[in-house]
There are 2 protein chains.
Amino acid sequence: MRIERINLYENRDDVFLTTYLLEDSPAMLGGKKRPAVLVCPGGAYAFISPTEAEPIAIRYASMGYHAFVLNYTVYNKGQFVNPMGELPKDPDSLYPGPMLDIGAAMLCLRDHADEWLLDAEQVILTGFSAGAHNSAMYCTKWDSDIFTKRFHRPTEDFKPAGAILGYGYYDWVDFRKMNVENPMARAMNESIDFGYFGTRHPSEEQFAEASPAYHVTKNTPPMFLWTTCEDHTLPSEQTMIMGAALAKAGVRYEVHTFERGDHGYALGDQATADSMEKVSEDAAQWVPLANRWLKRNFPLDLPEHPAHAFSFDDLV
Amino acid sequence: MRIERINLYENRDDVFLTTYLLEDSPAMLGGKKRPAVLVCPGGAYAFISPTEAEPIAIRYASMGYHAFVLNYTVYNKGQFVNPMGELPKDPDSLYPGPMLDIGAAMLCLRDHADEWLLDAEQVILTGFSAGAHNSAMYCTKWDSDIFTKRFHRPTEDFKPAGAILGYGYYDWVDFRKMNVENPMARAMNESIDFGYFGTRHPSEEQFAEASPAYHVTKNTPPMFLWTTCEDHTLPSEQTMIMGAALAKAGVRYEVHTFERGDHGYALGDQATADSMEKVSEDAAQWVPLANRWLKRNFPLDLPEHPAHAFSFDDLV
């Protein structure tokens, strides 16, 4: 496995890919290209959550997919700011900054496709929480001129093949109608909005523009969405709303809402937990379900039988 | 993840560990040590099988365990020799050479335990085919003076915590009673015996000495064994014989024989296949079963609740 950090912009070191490239062998794909999974961790657009980064990439690599973690732009370079105080401006974190980073990552994968034995037509985004939002934004906007204008590359170069999204938000209008009583929690939400929109109080038009559920078209790739019913940070109806939008647009999708579990389960397993509170056999089922979905939609290119069936006669 | 190659002997470069060390974070174990899995790939003591090396390590790493692949001594440094012709002598590959390599690996893990945040008391061996044999040999002999004499370290330093072994052989006496009609297959078996014992026709005493099923004691660690009923290379009764020996000695064990599937399934998944012939939803169940066994016997050290429960008051 080749692990390497690659900065996506010459003049910045806060936006980068970490590669988890699988070794090939004649006993496996024998030189054929593999699909890849691009991981967008969560962290409220304020930091990059470690439980939703490397452990996720390793889990997908173990399924036979090249994997990448994307450190996309987060507010104030990930330095915590007291949301009750003055919020410094950060032009990089404003929409569409974080979404453009996914475009830059897609180009990087495409440009290394031959070297990495990577099938650039089969790149699946996977995101959690804010990373799910960012991925869903990308999946509904990849064919807009935002990307062609920024990167001077044809639209087709940006096309994602699918997305696996956990406990995301997809309708920012509805999300902000939640009754948040705790003043600090309200200030936190406002600081997230400030980082992404440049104001503590974005307009409904701004929220709508950044609501993937409003922008699903037939060009939106197939999606696998999952969440937990007890998520109090990011209500599970967000996933239902997105599922409905995909269904209406005729986009193939799969949704799994697990009854138990609060926000931020990552793998739902001890591998991504700081305590038993983050372990749930229920929620952890998203992983084998997503693996089935990947194998069905983006299987590795394996023949029915080995190219060279073993024979003892080969040995002499 | 830190991937590094470490030679285990100063004067040889064919015996080495490849590390797959997990990154820690306050959002995960927060500085506590983790158990580790040491992978011994198969390959008939003639080569190191790539499907049973890195992909296995990555799969265990995705469960939250540090993982290592051990390239142990194989006959003629892995260079193929026509088994019908003259077989060059290889003093390194003779018993107990390959088993001693596991001892060297265990010491290497122990000596790096603090640096790697690795719990040296919880190192689980995992092997396939010849690698399962080698691991089982180690598990039944780790407390003999072969190791203390060779490495001048106390017996306790070599103690394995458990073993997960796939389609191995454990009774070489019984194994060699198989009726092998194909002359090339017979010559292959003889060349394996030559590499390990230095003769094409070892005595029953030699076979018995290298049959872990004969040497199980109460010091043998708990084992998880799996195989497939249709294995024609290495018959599944080998696993039954070992299971019986463990049961008799009162060693805790788990056995899973899957009805379908020939030899060498590795993960049983597309991640380790060269064709659909090596994919089996049945056989692939050993992986989640082994994960359950690991979590039950060697769980990560997680508290019931996070050490510092999140509070908005922490933010100001």
# chains A, B, ... in the order shown; residues from 1 in each chain; ligands from 1
>>> select_by_dssp(residues="stretch 164-287 of chain A", states="alpha helix (DSSP H)", output="ChimeraX atom specification")
/A:172-175,183-197,204-209,237-249,286-287
>>> interface_residues(of="chain A", to="chain B", cutoff="9 Å", atoms="only C-alpha atoms", output="MDAnalysis selection string")
chainID A and resid 1:3 22:30 49:51 54:65 80:84 182 184:185 188 269:278 295 299:307 312:313 315:316
>>> atom_distance(atom1="atom CA of B:Ala244", atom2="atom CA of B:Glu281")
26.8 Å
>>> calpha_fit_and_write(fixed="chain B", moving="chain A", output="compact mmCIF listing (two decimals) with C-alpha atoms, in the first residue's frame")
# COMPACT_ATOMS: atom_id res chain seq x y z
CA MET A 1 -0.91 4.47 8.87
CA ARG A 2 2.77 3.81 8.95
CA ILE A 3 4.04 1.26 6.44
CA GLU A 4 7.63 0.27 6.89
CA ARG A 5 9.78 -2.73 6.07
CA ILE A 6 11.97 -4.07 8.87
CA ASN A 7 14.55 -6.82 8.31
CA LEU A 8 14.55 -9.25 11.24
CA TYR A 9 18.13 -10.47 10.83
CA GLU A 10 21.14 -8.29 10.21
CA ASN A 11 22.69 -10.58 7.62
CA ARG A 12 19.57 -11.52 5.63
CA ASP A 13 17.04 -9.57 3.63
CA ASP A 14 14.54 -12.34 2.90
CA VAL A 15 12.97 -12.35 6.36
CA PHE A 16 11.17 -9.14 7.22
CA LEU A 17 8.12 -7.51 8.70
CA THR A 18 5.95 -5.01 6.89
CA THR A 19 4.20 -2.76 9.40
CA TYR A 20 0.64 -1.45 9.06
CA LEU A 21 0.60 0.77 12.14
CA LEU A 22 -2.57 2.69 12.88
CA GLU A 23 -2.53 6.37 13.72
CA ASP A 24 -4.00 7.18 17.10
CA SER A 25 -5.96 10.26 18.10
CA PRO A 26 -7.76 11.60 21.17
CA ALA A 27 -10.95 10.74 19.23
CA MET A 28 -9.91 7.09 19.31
CA LEU A 29 -7.65 5.31 21.82
CA GLY A 30 -6.03 8.51 23.01
CA GLY A 31 -2.58 7.05 23.62
CA LYS A 32 -3.56 3.60 24.86
CA LYS A 33 -1.85 0.54 23.42
CA ARG A 34 -3.60 -1.68 20.90
CA PRO A 35 -3.48 -5.41 20.26
CA ALA A 36 -1.77 -6.50 17.05
CA VAL A 37 -2.19 -9.16 14.40
CA LEU A 38 0.82 -10.82 12.81
CA VAL A 39 0.07 -12.24 9.38
CA CYS A 40 1.85 -15.35 8.04
CA PRO A 41 0.85 -15.74 4.38
CA GLY A 42 0.74 -19.17 2.77
CA GLY A 43 2.66 -20.41 -0.24
CA ALA A 44 3.68 -24.03 0.50
CA TYR A 45 6.88 -22.80 2.21
CA ALA A 46 8.00 -22.07 -1.36
CA PHE A 47 6.83 -18.47 -1.77
CA ILE A 48 4.84 -15.74 0.04
CA SER A 49 1.33 -15.56 -1.36
CA PRO A 50 0.41 -11.91 -2.14
CA THR A 51 -3.33 -12.45 -1.60
CA GLU A 52 -2.63 -13.62 1.94
CA ALA A 53 -0.27 -10.75 2.78
CA GLU A 54 -1.15 -7.03 2.44
CA PRO A 55 -4.93 -7.44 1.88
CA ILE A 56 -5.15 -9.44 5.10
CA ALA A 57 -3.13 -6.88 7.06
CA ILE A 58 -5.33 -4.06 5.77
CA ARG A 59 -8.48 -5.98 6.72
CA TYR A 60 -7.25 -6.46 10.29
CA ALA A 61 -6.08 -2.84 10.47
CA SER A 62 -9.62 -1.84 9.48
CA MET A 63 -10.83 -3.69 12.59
CA GLY A 64 -8.66 -1.43 14.76
CA TYR A 65 -5.65 -3.71 15.21
CA HIS A 66 -2.07 -2.92 14.34
CA ALA A 67 -1.10 -5.38 11.65
CA PHE A 68 2.13 -6.86 10.34
CA VAL A 69 2.96 -9.13 7.46
CA LEU A 70 5.81 -11.54 8.14
CA ASN A 71 7.90 -12.68 5.21
CA TYR A 72 9.30 -15.81 6.86
CA THR A 73 11.91 -18.14 5.39
CA VAL A 74 10.75 -20.05 2.35
CA TYR A 75 12.64 -22.69 0.43
CA ASN A 76 15.35 -21.49 -1.93
CA LYS A 77 14.52 -17.84 -1.16
CA GLY A 78 11.25 -18.26 -3.03
CA GLN A 79 12.92 -19.10 -6.36
CA PHE A 80 10.98 -21.86 -8.08
CA VAL A 81 12.75 -25.19 -8.51
CA ASN A 82 11.46 -27.92 -10.79
CA PRO A 83 10.41 -30.53 -8.24
CA MET A 84 11.14 -33.33 -10.72
CA GLY A 85 14.80 -32.28 -10.89
CA GLU A 86 17.58 -31.98 -8.37
CA LEU A 87 16.64 -29.95 -5.29
CA PRO A 88 19.32 -27.55 -4.02
CA LYS A 89 19.94 -27.63 -0.28
CA ASP A 90 18.73 -24.62 1.71
CA PRO A 91 19.87 -24.70 5.35
CA ASP A 92 17.75 -21.63 6.24
CA SER A 93 14.39 -23.17 5.30
CA LEU A 94 14.90 -26.32 7.40
CA TYR A 95 12.81 -26.74 10.53
CA PRO A 96 12.82 -24.87 12.90
CA GLY A 97 13.94 -21.95 10.67
CA PRO A 98 10.53 -20.63 9.57
CA MET A 99 9.13 -21.05 13.09
CA LEU A 100 12.07 -19.16 14.59
CA ASP A 101 11.25 -16.25 12.28
CA ILE A 102 7.94 -15.85 14.11
CA GLY A 103 9.90 -15.65 17.37
CA ALA A 104 12.10 -12.93 15.88
CA ALA A 105 8.97 -11.06 14.78
CA MET A 106 7.41 -11.33 18.24
CA LEU A 107 10.56 -9.84 19.79
CA CYS A 108 10.55 -7.02 17.25
CA LEU A 109 6.95 -6.16 18.15
CA ARG A 110 7.74 -6.33 21.87
CA ASP A 111 10.81 -4.14 21.50
CA HIS A 112 8.79 -1.48 19.67
CA ALA A 113 5.72 -1.74 21.90
CA ASP A 114 6.05 1.71 23.48
CA GLU A 115 6.99 3.47 20.25
CA TRP A 116 4.15 1.82 18.32
CA LEU A 117 1.54 1.94 21.13
CA LEU A 118 1.30 -1.83 20.79
CA ASP A 119 0.23 -4.24 23.52
CA ALA A 120 2.87 -6.98 23.32
CA GLU A 121 0.75 -9.22 25.56
CA GLN A 122 -1.95 -9.23 22.89
CA VAL A 123 -0.33 -10.33 19.66
CA ILE A 124 -2.56 -12.63 17.64
CA LEU A 125 -1.00 -14.77 14.91
CA THR A 126 -2.93 -15.26 11.74
CA GLY A 127 -1.89 -17.63 9.00
CA PHE A 128 -3.07 -19.34 5.87
CA SER A 129 -2.11 -22.74 4.49
CA ALA A 130 1.66 -23.16 5.12
CA GLY A 131 1.49 -19.92 7.12
CA ALA A 132 -1.23 -21.49 9.28
CA HIS A 133 1.06 -24.49 9.82
CA ASN A 134 3.95 -22.21 10.74
CA SER A 135 1.76 -20.21 13.14
CA ALA A 136 0.34 -23.37 14.74
CA MET A 137 3.86 -24.75 15.13
CA TYR A 138 4.82 -21.57 16.92
CA CYS A 139 1.73 -21.63 19.13
CA THR A 140 2.52 -25.15 20.32
CA LYS A 141 6.29 -24.62 20.71
CA TRP A 142 6.70 -21.01 21.84
CA ASP A 143 7.47 -22.14 25.41
CA SER A 144 10.21 -24.61 24.37
CA ASP A 145 13.91 -23.82 24.74
CA ILE A 146 14.34 -23.59 20.97
CA PHE A 147 13.49 -19.90 21.26
CA THR A 148 15.32 -19.02 24.47
CA LYS A 149 18.48 -20.67 23.15
CA ARG A 150 18.33 -19.00 19.78
CA PHE A 151 17.45 -15.49 20.94
CA HIS A 152 18.65 -15.38 24.57
CA ARG A 153 15.40 -13.92 25.81
CA PRO A 154 13.04 -15.21 28.49
CA THR A 155 10.23 -17.56 27.46
CA GLU A 156 7.51 -15.08 28.36
CA ASP A 157 8.76 -12.70 25.66
CA PHE A 158 7.59 -15.18 23.01
CA LYS A 159 4.07 -15.79 24.25
CA PRO A 160 1.37 -15.43 21.60
CA ALA A 161 -2.10 -14.37 22.72
CA GLY A 162 -4.11 -16.29 20.13
CA ALA A 163 -4.26 -17.46 16.54
CA ILE A 164 -6.64 -17.20 13.60
CA LEU A 165 -5.74 -19.91 11.09
CA GLY A 166 -7.21 -20.60 7.67
CA TYR A 167 -7.02 -23.85 5.70
CA GLY A 168 -3.88 -25.05 7.44
CA TYR A 169 -2.34 -28.44 8.06
CA TYR A 170 -1.67 -29.56 11.58
CA ASP A 171 -1.01 -33.30 11.29
CA TRP A 172 1.73 -33.81 8.73
CA VAL A 173 1.70 -37.58 9.32
CA ASP A 174 -1.93 -37.87 8.31
CA PHE A 175 -1.51 -35.28 5.55
CA ARG A 176 1.15 -37.37 3.80
CA LYS A 177 -1.10 -40.42 3.83
CA MET A 178 -3.28 -38.68 1.21
CA ASN A 179 -3.42 -40.58 -2.02
CA VAL A 180 -1.76 -38.24 -4.53
CA GLU A 181 -1.86 -39.85 -7.94
CA ASN A 182 -0.50 -37.06 -10.14
CA PRO A 183 3.28 -37.61 -10.28
CA MET A 184 4.00 -33.89 -10.49
CA ALA A 185 1.79 -33.19 -7.47
CA ARG A 186 3.64 -35.94 -5.60
CA ALA A 187 6.97 -34.41 -6.58
CA MET A 188 5.70 -31.00 -5.39
CA ASN A 189 4.86 -32.48 -1.99
CA GLU A 190 8.29 -34.09 -1.85
CA SER A 191 9.94 -30.77 -2.66
CA ILE A 192 8.00 -29.10 0.16
CA ASP A 193 9.17 -31.84 2.50
CA PHE A 194 12.72 -31.44 1.20
CA GLY A 195 12.68 -27.71 1.92
CA TYR A 196 11.40 -28.19 5.46
CA PHE A 197 13.12 -31.45 6.48
CA GLY A 198 16.07 -31.69 4.09
CA THR A 199 14.86 -34.97 2.57
CA ARG A 200 12.23 -36.00 0.06
CA HIS A 201 11.18 -38.77 2.41
CA PRO A 202 11.13 -37.65 6.04
CA SER A 203 10.55 -40.23 8.76
CA GLU A 204 7.29 -40.47 10.65
CA GLU A 205 9.15 -39.01 13.65
CA GLN A 206 10.11 -35.94 11.61
CA PHE A 207 6.53 -35.46 10.40
CA ALA A 208 5.25 -35.93 13.97
CA GLU A 209 7.67 -33.33 15.37
CA ALA A 210 6.25 -30.82 12.86
CA SER A 211 2.58 -31.68 13.53
CA PRO A 212 1.12 -29.05 15.84
CA ALA A 213 -1.89 -31.27 16.60
CA TYR A 214 0.52 -33.59 18.46
CA HIS A 215 1.92 -30.83 20.63
CA VAL A 216 -1.07 -28.91 21.97
CA THR A 217 -0.78 -28.20 25.71
CA LYS A 218 -2.52 -25.89 28.13
CA ASN A 219 0.07 -23.27 27.09
CA THR A 220 -1.29 -23.25 23.56
CA PRO A 221 -3.23 -20.00 23.09
CA PRO A 222 -6.90 -19.88 22.07
CA MET A 223 -7.48 -20.47 18.39
CA PHE A 224 -9.98 -19.65 15.69
CA LEU A 225 -9.73 -22.15 12.83
CA TRP A 226 -11.54 -22.11 9.53
CA THR A 227 -11.47 -24.09 6.32
CA THR A 228 -13.66 -25.19 3.41
CA CYS A 229 -15.08 -28.64 2.89
CA GLU A 230 -14.17 -28.77 -0.80
CA ASP A 231 -10.45 -28.07 -0.23
CA HIS A 232 -8.71 -30.71 -2.32
CA THR A 233 -5.19 -29.38 -1.79
CA LEU A 234 -5.30 -29.48 1.97
CA PRO A 235 -8.14 -31.61 3.27
CA SER A 236 -10.46 -30.07 5.81
CA GLU A 237 -10.02 -33.01 8.22
CA GLN A 238 -6.70 -31.36 9.12
CA THR A 239 -8.71 -28.61 10.78
CA MET A 240 -10.94 -31.17 12.52
CA ILE A 241 -7.90 -32.98 13.88
CA MET A 242 -6.50 -29.72 15.26
CA GLY A 243 -9.88 -28.77 16.73
CA ALA A 244 -10.05 -32.14 18.48
CA ALA A 245 -6.54 -31.68 19.90
CA LEU A 246 -7.45 -28.24 21.25
CA ALA A 247 -10.68 -29.57 22.73
CA LYS A 248 -8.86 -32.44 24.44
CA ALA A 249 -6.28 -30.08 25.95
CA GLY A 250 -8.99 -27.72 27.19
CA VAL A 251 -7.82 -24.87 24.97
CA ARG A 252 -10.60 -22.45 24.04
CA TYR A 253 -11.22 -22.61 20.30
CA GLU A 254 -13.66 -21.91 17.52
CA VAL A 255 -13.90 -23.84 14.25
CA HIS A 256 -15.77 -22.95 11.07
CA THR A 257 -15.84 -25.29 8.10
CA PHE A 258 -17.73 -23.84 5.16
CA GLU A 259 -19.38 -26.29 2.80
CA ARG A 260 -18.25 -24.67 -0.45
CA GLY A 261 -14.89 -23.54 -1.67
CA ASP A 262 -11.53 -24.96 -2.67
CA HIS A 263 -8.11 -24.09 -1.25
CA GLY A 264 -6.71 -20.58 -0.89
CA TYR A 265 -9.73 -18.32 -0.50
CA ALA A 266 -7.89 -15.64 1.50
CA LEU A 267 -10.68 -13.10 2.25
CA GLY A 268 -13.05 -14.99 -0.08
CA ASP A 269 -13.85 -11.58 -1.55
CA GLN A 270 -13.05 -9.69 -4.74
CA ALA A 271 -10.30 -7.91 -2.79
CA THR A 272 -8.15 -11.07 -2.90
CA ALA A 273 -9.37 -12.77 -6.06
CA ASP A 274 -7.89 -13.21 -9.54
CA SER A 275 -11.28 -14.46 -10.77
CA MET A 276 -14.80 -15.11 -9.52
CA GLU A 277 -13.64 -18.62 -8.63
CA LYS A 278 -11.97 -17.12 -5.57
CA VAL A 279 -15.07 -15.25 -4.43
CA SER A 280 -17.42 -17.05 -2.05
CA GLU A 281 -20.01 -15.35 0.12
CA ASP A 282 -19.96 -18.46 2.30
CA ALA A 283 -16.22 -18.69 2.91
CA ALA A 284 -15.98 -14.90 3.27
CA GLN A 285 -18.01 -15.19 6.47
CA TRP A 286 -14.85 -16.22 8.31
CA VAL A 287 -13.85 -12.55 8.34
CA PRO A 288 -16.79 -11.10 10.36
CA LEU A 289 -16.73 -14.23 12.53
CA ALA A 290 -13.03 -13.72 13.25
CA ASN A 291 -13.72 -10.04 13.92
CA ARG A 292 -16.33 -11.04 16.53
CA TRP A 293 -13.87 -13.48 18.08
CA LEU A 294 -11.18 -10.79 18.23
CA LYS A 295 -13.53 -8.24 19.79
CA ARG A 296 -14.67 -10.77 22.38
CA ASN A 297 -11.20 -12.00 23.34
CA PHE A 298 -8.97 -9.03 22.56
CA PRO A 299 -11.12 -5.90 22.60
CA LEU A 300 -9.59 -2.45 22.26
CA ASP A 301 -9.34 -0.77 25.64
CA LEU A 302 -12.39 1.51 25.41
CA PRO A 303 -14.20 3.04 28.40
CA GLU A 304 -17.98 2.83 28.65
CA HIS A 305 -18.25 6.60 28.21
CA PRO A 306 -15.88 9.17 26.68
CA ALA A 307 -13.20 10.35 29.10
CA HIS A 308 -14.36 13.93 28.54
CA ALA A 309 -18.04 14.07 27.68
CA PHE A 310 -18.64 16.90 25.24
CA SER A 311 -20.25 19.99 26.67
CA PHE A 312 -20.83 23.32 24.98
CA ASP A 313 -19.41 24.88 28.15
CA ASP A 314 -16.00 23.45 27.18
CA LEU A 315 -15.96 25.75 24.19
CA VAL A 316 -15.83 29.09 25.98
>>> select_by_dssp(residues="stretch 6-115 of chain B", states="strand (DSSP E or B)", output="number ranges by chain")
B: 6-7, 16-21, 34-40, 66-71
>>> decode(residues="stretch 274-303 of chain B", atoms="N, CA and C atoms", output="mmCIF file, in the first residue's frame")
data_model
loop_
_atom_site.group_PDB
_atom_site.id
_atom_site.type_symbol
_atom_site.label_atom_id
_atom_site.label_comp_id
_atom_site.auth_asym_id
_atom_site.auth_seq_id
_atom_site.Cartn_x
_atom_site.Cartn_y
_atom_site.Cartn_z
ATOM 1 N N ASP B 274 -8.311 -13.455 -8.139
ATOM 2 C CA ASP B 274 -7.879 -13.233 -9.515
ATOM 3 C C ASP B 274 -9.019 -13.589 -10.493
ATOM 4 N N SER B 275 -10.092 -14.168 -9.946
ATOM 5 C CA SER B 275 -11.270 -14.487 -10.750
ATOM 6 C C SER B 275 -12.422 -14.753 -9.795
ATOM 7 N N MET B 276 -13.620 -14.878 -10.342
ATOM 8 C CA MET B 276 -14.793 -15.116 -9.500
ATOM 9 C C MET B 276 -14.699 -16.468 -8.797
ATOM 10 N N GLU B 277 -13.812 -17.336 -9.288
ATOM 11 C CA GLU B 277 -13.635 -18.628 -8.608
ATOM 12 C C GLU B 277 -13.141 -18.461 -7.174
ATOM 13 N N LYS B 278 -12.493 -17.348 -6.897
ATOM 14 C CA LYS B 278 -11.959 -17.129 -5.544
ATOM 15 C C LYS B 278 -12.860 -16.211 -4.711
ATOM 16 N N VAL B 279 -14.092 -16.038 -5.168
ATOM 17 C CA VAL B 279 -15.069 -15.252 -4.409
ATOM 18 C C VAL B 279 -16.135 -16.210 -3.898
ATOM 19 N N SER B 280 -16.395 -16.172 -2.604
ATOM 20 C CA SER B 280 -17.411 -17.052 -2.025
ATOM 21 C C SER B 280 -18.050 -16.343 -0.841
ATOM 22 N N GLU B 281 -19.344 -16.024 -0.981
ATOM 23 C CA GLU B 281 -20.019 -15.346 0.140
ATOM 24 C C GLU B 281 -19.988 -16.218 1.380
ATOM 25 N N ASP B 282 -20.036 -17.520 1.178
ATOM 26 C CA ASP B 282 -19.951 -18.444 2.313
ATOM 27 C C ASP B 282 -18.615 -18.310 3.032
ATOM 28 N N ALA B 283 -17.546 -18.655 2.311
ATOM 29 C CA ALA B 283 -16.227 -18.674 2.936
ATOM 30 C C ALA B 283 -15.858 -17.306 3.497
ATOM 31 N N ALA B 284 -16.322 -16.231 2.832
ATOM 32 C CA ALA B 284 -15.988 -14.874 3.285
ATOM 33 C C ALA B 284 -16.529 -14.584 4.678
ATOM 34 N N GLN B 285 -17.453 -15.405 5.156
ATOM 35 C CA GLN B 285 -18.014 -15.181 6.500
ATOM 36 C C GLN B 285 -16.990 -15.403 7.606
ATOM 37 N N TRP B 286 -15.863 -16.051 7.264
ATOM 38 C CA TRP B 286 -14.851 -16.211 8.321
ATOM 39 C C TRP B 286 -14.387 -14.856 8.830
ATOM 40 N N VAL B 287 -14.413 -13.844 7.974
ATOM 41 C CA VAL B 287 -13.855 -12.538 8.364
ATOM 42 C C VAL B 287 -14.698 -11.866 9.454
ATOM 43 N N PRO B 288 -16.000 -11.663 9.247
ATOM 44 C CA PRO B 288 -16.774 -11.093 10.370
ATOM 45 C C PRO B 288 -16.800 -12.012 11.595
ATOM 46 N N LEU B 289 -16.770 -13.327 11.383
ATOM 47 C CA LEU B 289 -16.724 -14.233 12.543
ATOM 48 C C LEU B 289 -15.422 -14.049 13.320
ATOM 49 N N ALA B 290 -14.306 -13.932 12.596
ATOM 50 C CA ALA B 290 -13.019 -13.710 13.264
ATOM 51 C C ALA B 290 -12.987 -12.345 13.946
ATOM 52 N N ASN B 291 -13.636 -11.383 13.321
ATOM 53 C CA ASN B 291 -13.700 -10.051 13.932
ATOM 54 C C ASN B 291 -14.463 -10.118 15.260
ATOM 55 N N ARG B 292 -15.575 -10.861 15.291
ATOM 56 C CA ARG B 292 -16.327 -11.039 16.540
ATOM 57 C C ARG B 292 -15.463 -11.723 17.598
ATOM 58 N N TRP B 293 -14.730 -12.741 17.157
ATOM 59 C CA TRP B 293 -13.863 -13.481 18.084
ATOM 60 C C TRP B 293 -12.792 -12.564 18.659
ATOM 61 N N LEU B 294 -12.188 -11.736 17.794
ATOM 62 C CA LEU B 294 -11.170 -10.785 18.245
ATOM 63 C C LEU B 294 -11.755 -9.798 19.247
ATOM 64 N N LYS B 295 -12.924 -9.257 18.919
ATOM 65 C CA LYS B 295 -13.528 -8.251 19.793
ATOM 66 C C LYS B 295 -13.894 -8.852 21.147
ATOM 67 N N ARG B 296 -14.281 -10.129 21.134
ATOM 68 C CA ARG B 296 -14.678 -10.780 22.383
ATOM 69 C C ARG B 296 -13.442 -11.079 23.241
ATOM 70 N N ASN B 297 -12.373 -11.562 22.597
ATOM 71 C CA ASN B 297 -11.192 -12.006 23.345
ATOM 72 C C ASN B 297 -10.124 -10.937 23.523
ATOM 73 N N PHE B 298 -10.026 -10.040 22.553
ATOM 74 C CA PHE B 298 -8.958 -9.025 22.575
ATOM 75 C C PHE B 298 -9.521 -7.659 22.195
ATOM 76 N N PRO B 299 -10.494 -7.187 22.976
ATOM 77 C CA PRO B 299 -11.115 -5.909 22.606
ATOM 78 C C PRO B 299 -10.148 -4.742 22.777
ATOM 79 N N LEU B 300 -10.340 -3.688 22.006
ATOM 80 C CA LEU B 300 -9.607 -2.452 22.270
ATOM 81 C C LEU B 300 -10.043 -1.929 23.640
ATOM 82 N N ASP B 301 -9.141 -1.197 24.254
ATOM 83 C CA ASP B 301 -9.363 -0.758 25.634
ATOM 84 C C ASP B 301 -10.202 0.524 25.649
ATOM 85 N N LEU B 302 -11.510 0.358 25.469
ATOM 86 C CA LEU B 302 -12.408 1.518 25.417
ATOM 87 C C LEU B 302 -13.211 1.636 26.708
ATOM 88 N N PRO B 303 -13.338 2.860 27.229
ATOM 89 C CA PRO B 303 -14.197 3.051 28.403
ATOM 90 C C PRO B 303 -15.675 3.006 27.988
#
